[in-house]
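Beneath this line is the structure, given in structure tokens, with notes to follow.
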Amino acid sequence: MSGAATYPRRWRRPPQIVRDRRWRIALQIAILVYLVLAIGSVEVNWARVHDGLERGQRFAMGFLQPDFTSRWRDISQGLVESLTMTLTSTVVGVAISVPIGIGAARNLAPRGIYYLCRGIIAVSRALQEIIIAIFFVAMFGFGPLAGFLTLSFATIGFISKLLADDIEEIDEAQAEAIRATGASWWQLVNYAVQPQVMPRLIGLSLYRLDINFRESAVIGIVGAGGIGATLNTAIDRYEYDSAGAVLLIIIVIVMVAEYGSSYLRTFLQ
């Protein structure tokens, strides 16, 4: 068939960025020298390393012999806070992300709205969760409210960015077919965009739910509530057996969420 796609029969080497062999060798030597100098600039306190290995051994022994009973009240309270923050922040963050993601799609939004939404995404993605948590803790004090706001803010940047990219990559033939019927902008989004990006949005939301739970354990260290605060307290008190129990609970919940989300994504697709 004359219209059939033709495929290359021989392997061709991809084009090289630096074509001159001498320059390539010089760059490799420069990278090697930089790595050697960078490693040499690391100051290692071997006495502190020795003490750290002993503490690490005690922590590992506590992890192998976890204590779920001594601080179970604190662990259960922190776990409930983390799960509550995770679920609510994901729902709120996704709900806010959808209009921002649509506004950040170049093929759907006017230029002014596009730049505004892209700016919101850039600000959300530029700040790490721990920095945002410190800011909200300073504003609203210690507790799960700061954690909820932190995770919601981070979810907006994550979901909106990927959703906007997916919308810009939709099949334009389907969109043109909807436009040819005289459909309004809302009908275009509902009948041409939504069916193409909805499976991806559901998968991203489940993935972000998993991320938010893990992040809730991190931001709790700076006072944003959750299981991270309990873990930090246990480590500060050298209660490594209780800290091991907290880590095991986190691992189990993340594994359950991972397998559950994988099954749900397969079922939805």
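By convention in this document, the chains of the structure tokens carry letters A, B, ... by their order, each chain's residues are numbered from 1, and ligands are numbered from 1 in the order they are shown.
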
Secondary structure check, helix (DSSP H, G or I) residues of range 43-196 of chain A, as an NGL selection string: :A and (46-64 or 72-103 or 111-126 or 129-140 or 144-168 or 172-180 or 185-196)

Within 9 Å of Val222 in chain A using only C-alpha atoms, minus same-chain residues under 2 positions, as JSON, numbers by chain: {"A": [130, 133, 134, 137, 142, 218, 219, 220, 224, 225, 228, 229, 232]}

Distance of CA of Ala105 in chain A from CA of Gly119 in chain A, expressed in Å to one decimal place: 12.4 Å

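Residues lying within 9 Å of Arg106 in chain A, counting only C-alpha atoms and ignoring same-chain neighbours fewer than 6 positions away, are Tyr114, Ala164, Ile167 and Glu168 of chain A.
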
Kindly save the residues from that selection, with C-alpha atoms included, as a PDB file, in the first residue's frame.
ATOM      1  CA  TYR A 114      -3.851  30.986  30.817  1.00  0.00           C
ATOM      2  CA  ALA A 164      -3.338  21.025  31.856  1.00  0.00           C
ATOM      3  CA  ILE A 167      -5.766  18.692  28.014  1.00  0.00           C
ATOM      4  CA  GLU A 168      -3.254  20.241  25.625  1.00  0.00           C
TER       5      GLU A 168
END

Close residues, range 75-87 of chain A itself excluded, 7 Å, only C-alpha atoms, min 3 positions apart in chain, as a PyMOL selection string: chain A and resi 71-72+90-91+144+147-148+209+212-213+216+225-227+230+246
